[in-house]
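Chemist: Questions regarding the structure given below will be posed in turn.
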Amino acid sequence: MLIQDLAAERRKKARFPINREMRYKLLENDAVVAVGTGTTLDMASGGIAFVTDNTLKVGCFIELSISWPVLLDDSCPMRFIVFGRVVRSGGRQTACTVDKYEFRTQARVHQMAPVRNDSMLQRYAETVRKESLKAATA
């Protein structure tokens, strides 16, 4: 897919300005190469734009963990977890696809937790690679 096609696709979706705290993990060659925090700028069903302190490498798999503005049952904080790929990054602004997502509950009190090593991002990337190989050989 050409860069012009990605830009055109991005403009087809309704984008909603949502500024929320987020954390990210970047995967390259089956290894987490970067972790950090940032703030979302806007969201759409196909992608999310956000700001970080670093420029992120285009093409890498990414996992975002975004604070959700609505409480579950009016009492439990939620996080919106997104798996996708970085499609553009310049300066502090980055955009990624939303290929898979889920909601998770979070602790009521913010805790600085270490980076999870449960390999969800690695499993997601491996699934995408396998599907790409199947499509290429079919």
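Chain identifiers are assigned as A, B, and so on, following the order in which chains appear in the structure tokens; residues are numbered from 1 within each chain, and ligands are numbered from 1 in order of appearance.
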From the DSSP assignment of the backbone, select every residue of region 1-109 of chain A that is helix (DSSP H, G or I), and format the answer as a CSV table (one decimal) with C-alpha atoms, in the first residue's frame.
Modeler:
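Done, and the output landed in out35.csv:
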```
chain,number,residue,atom,x,y,z
A,3,ILE,CA,1.7,6.3,1.5
A,4,GLN,CA,-0.9,8.2,-0.5
A,5,ASP,CA,-3.4,5.3,0.0
A,6,LEU,CA,-2.7,5.4,3.8
A,7,ALA,CA,-3.4,9.1,4.0
A,8,ALA,CA,-6.6,8.7,1.9
A,9,GLU,CA,-7.8,5.9,4.2
A,10,ARG,CA,-7.1,7.9,7.3
A,11,ARG,CA,-9.4,10.7,6.0
A,12,LYS,CA,-12.3,8.3,5.3
```
Chemist: List every residue of region 10-82 of chain A that DSSP, applied to the backbone of this structure, places in strand (DSSP E), and write the result as a CSV table (one decimal) with N, CA and C atoms, in the first residue's frame.
Modeler:
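Below you can see result-v7.csv, which holds the result:
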```csv
chain,number,residue,atom,x,y,z
A,16,PHE,N,-12.4,11.6,16.2
A,16,PHE,CA,-12.9,12.3,17.4
A,16,PHE,C,-11.8,12.8,18.2
A,17,PRO,N,-11.8,14.1,18.5
A,17,PRO,CA,-10.7,14.6,19.4
A,17,PRO,C,-10.9,14.1,20.8
A,21,GLU,N,-4.5,10.1,28.7
A,21,GLU,CA,-3.2,9.6,29.0
A,21,GLU,C,-3.1,8.2,28.4
A,22,MET,N,-1.9,7.9,27.9
A,22,MET,CA,-1.6,6.5,27.3
A,22,MET,C,-0.2,6.1,27.6
A,23,ARG,N,0.0,4.7,27.5
A,23,ARG,CA,1.3,4.1,27.5
A,23,ARG,C,1.4,3.3,26.2
A,24,TYR,N,2.6,3.1,25.8
A,24,TYR,CA,2.8,2.3,24.6
A,24,TYR,C,4.0,1.4,24.7
A,25,LYS,N,4.0,0.3,23.9
A,25,LYS,CA,5.1,-0.6,23.7
A,25,LYS,C,5.3,-0.8,22.2
A,26,LEU,N,6.5,-0.7,21.8
A,26,LEU,CA,6.8,-0.9,20.4
A,26,LEU,C,7.6,-2.2,20.1
A,27,LEU,N,7.2,-2.9,19.2
A,27,LEU,CA,7.8,-4.2,18.9
A,27,LEU,C,8.5,-4.2,17.5
A,28,GLU,N,9.7,-4.7,17.5
A,28,GLU,CA,10.5,-4.8,16.2
A,28,GLU,C,11.3,-6.1,16.3
A,31,ALA,N,11.1,-8.3,19.4
A,31,ALA,CA,11.6,-7.7,20.7
A,31,ALA,C,10.9,-6.3,21.0
A,32,VAL,N,10.6,-6.1,22.2
A,32,VAL,CA,10.1,-4.8,22.6
A,32,VAL,C,11.3,-3.9,22.6
A,33,VAL,N,11.3,-2.9,21.7
A,33,VAL,CA,12.4,-1.9,21.5
A,33,VAL,C,12.2,-0.6,22.2
A,34,ALA,N,10.9,-0.3,22.6
A,34,ALA,CA,10.6,1.0,23.2
A,34,ALA,C,9.4,0.9,24.0
A,35,VAL,N,9.4,1.6,25.1
A,35,VAL,CA,8.2,1.8,26.0
A,35,VAL,C,8.1,3.3,26.4
A,36,GLY,N,6.9,3.8,26.6
A,36,GLY,CA,6.8,5.2,27.0
A,36,GLY,C,5.4,5.6,27.2
A,37,THR,N,5.2,6.9,27.4
A,37,THR,CA,3.9,7.4,27.7
A,37,THR,C,3.6,8.5,26.7
A,38,GLY,N,2.4,8.9,26.7
A,38,GLY,CA,2.0,10.0,25.8
A,38,GLY,C,0.6,10.4,26.0
A,39,THR,N,0.0,11.2,25.1
A,39,THR,CA,-1.3,11.6,25.1
A,39,THR,C,-2.0,11.4,23.8
A,40,THR,N,-3.2,10.9,23.7
A,40,THR,CA,-3.9,10.8,22.5
A,40,THR,C,-4.3,12.1,22.0
A,41,LEU,N,-4.4,12.3,20.7
A,41,LEU,CA,-4.9,13.5,20.0
A,41,LEU,C,-6.3,13.3,19.5
A,42,ASP,N,-6.5,12.2,18.7
A,42,ASP,CA,-7.8,11.9,18.2
A,42,ASP,C,-7.8,10.4,17.9
A,43,MET,N,-9.1,9.9,17.8
A,43,MET,CA,-9.3,8.5,17.6
A,43,MET,C,-10.4,8.3,16.5
A,47,GLY,N,-7.8,4.1,13.3
A,47,GLY,CA,-6.5,4.6,13.8
A,47,GLY,C,-6.6,5.6,14.9
A,48,ILE,N,-5.4,5.8,15.5
A,48,ILE,CA,-5.3,6.7,16.6
A,48,ILE,C,-4.1,7.6,16.4
A,49,ALA,N,-4.2,8.9,16.6
A,49,ALA,CA,-3.1,9.8,16.6
A,49,ALA,C,-2.7,10.2,18.0
A,50,PHE,N,-1.4,10.3,18.3
A,50,PHE,CA,-1.0,10.6,19.6
A,50,PHE,C,0.3,11.3,19.6
A,51,VAL,N,0.7,11.8,20.8
A,51,VAL,CA,1.9,12.6,21.0
A,51,VAL,C,2.8,11.8,22.0
A,52,THR,N,4.1,11.7,21.7
A,52,THR,CA,5.0,11.1,22.7
A,52,THR,C,6.2,12.0,22.7
A,61,PHE,N,5.1,-2.9,15.1
A,61,PHE,CA,3.9,-3.3,15.8
A,61,PHE,C,3.9,-2.4,17.1
A,62,ILE,N,2.7,-2.0,17.5
A,62,ILE,CA,2.5,-1.2,18.7
A,62,ILE,C,1.3,-1.7,19.5
A,63,GLU,N,1.5,-1.5,20.8
A,63,GLU,CA,0.4,-1.7,21.8
A,63,GLU,C,0.2,-0.4,22.5
A,64,LEU,N,-1.0,0.1,22.5
A,64,LEU,CA,-1.4,1.3,23.3
A,64,LEU,C,-2.3,0.8,24.5
A,65,SER,N,-2.1,1.5,25.6
A,65,SER,CA,-2.9,1.3,26.8
A,65,SER,C,-3.4,2.7,27.1
A,66,ILE,N,-4.7,2.9,26.8
A,66,ILE,CA,-5.3,4.3,26.9
A,66,ILE,C,-6.3,4.3,28.1
A,67,SER,N,-6.1,5.4,28.9
A,67,SER,CA,-7.1,5.5,30.0
A,67,SER,C,-8.5,5.8,29.4
A,78,MET,N,-11.3,1.9,33.6
A,78,MET,CA,-11.0,1.0,32.4
A,78,MET,C,-9.8,1.5,31.6
A,79,ARG,N,-9.2,0.6,30.9
A,79,ARG,CA,-8.2,1.0,29.9
A,79,ARG,C,-8.6,0.4,28.6
A,80,PHE,N,-8.4,1.1,27.5
A,80,PHE,CA,-8.6,0.7,26.1
A,80,PHE,C,-7.3,0.2,25.6
A,81,ILE,N,-7.2,-1.0,25.2
A,81,ILE,CA,-5.9,-1.6,24.8
A,81,ILE,C,-6.1,-1.8,23.2
A,82,VAL,N,-5.1,-1.3,22.5
A,82,VAL,CA,-5.1,-1.3,21.1
A,82,VAL,C,-3.8,-1.9,20.6
```
Chemist: Would you mind reading off the distance between CA of Lys134 (chain A) and CA of Ser45 (chain A), one decimal, in Å?
Modeler: 25.8 Å
Chemist: Would you mind listing what lies within 7 Å of Thr55 (chain A) as a PyMOL selection string, with only C-alpha atoms counted and same-chain residues fewer than 5 positions away left out?
Modeler: chain A and resi 89-92
Chemist: Using CA of Thr105 (chain A) and CA of Pro77 (chain A) as the two end points, give the distance in Å to one decimal.
Modeler: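 CA of Thr105 (chain A) sits 6.0 Å away from CA of Pro77 (chain A).
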Chemist: Find the distance between CA of Asp53 (chain A) and CA of Val87 (chain A) and write it in Å to one decimal.
Modeler: 17.2 Å
Chemist: Which of these, A:Ala138, A:Cys60, A:Cys76, A:Ala44, has the shortest distance to Arg104 (chain A) once you count only C-alpha atoms?
Modeler: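 The closest residue to Arg104 (chain A) is A:Cys76.
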Chemist: Might you pull out every residue within 9 Å of Glu126 (chain A), with only C-alpha atoms counted and same-chain residues fewer than 5 positions away left off, and present them as a count of residues only?
Modeler: 3
Chemist: Using only C-alpha atoms, find the one residue out of A:Cys96, A:Gly84, A:Trp68, A:Phe103 that sits nearest to Tyr124 (chain A).
Modeler: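 Between A:Cys96, A:Gly84, A:Trp68, A:Phe103, the residue approaching Tyr124 (chain A) most closely is A:Gly84.
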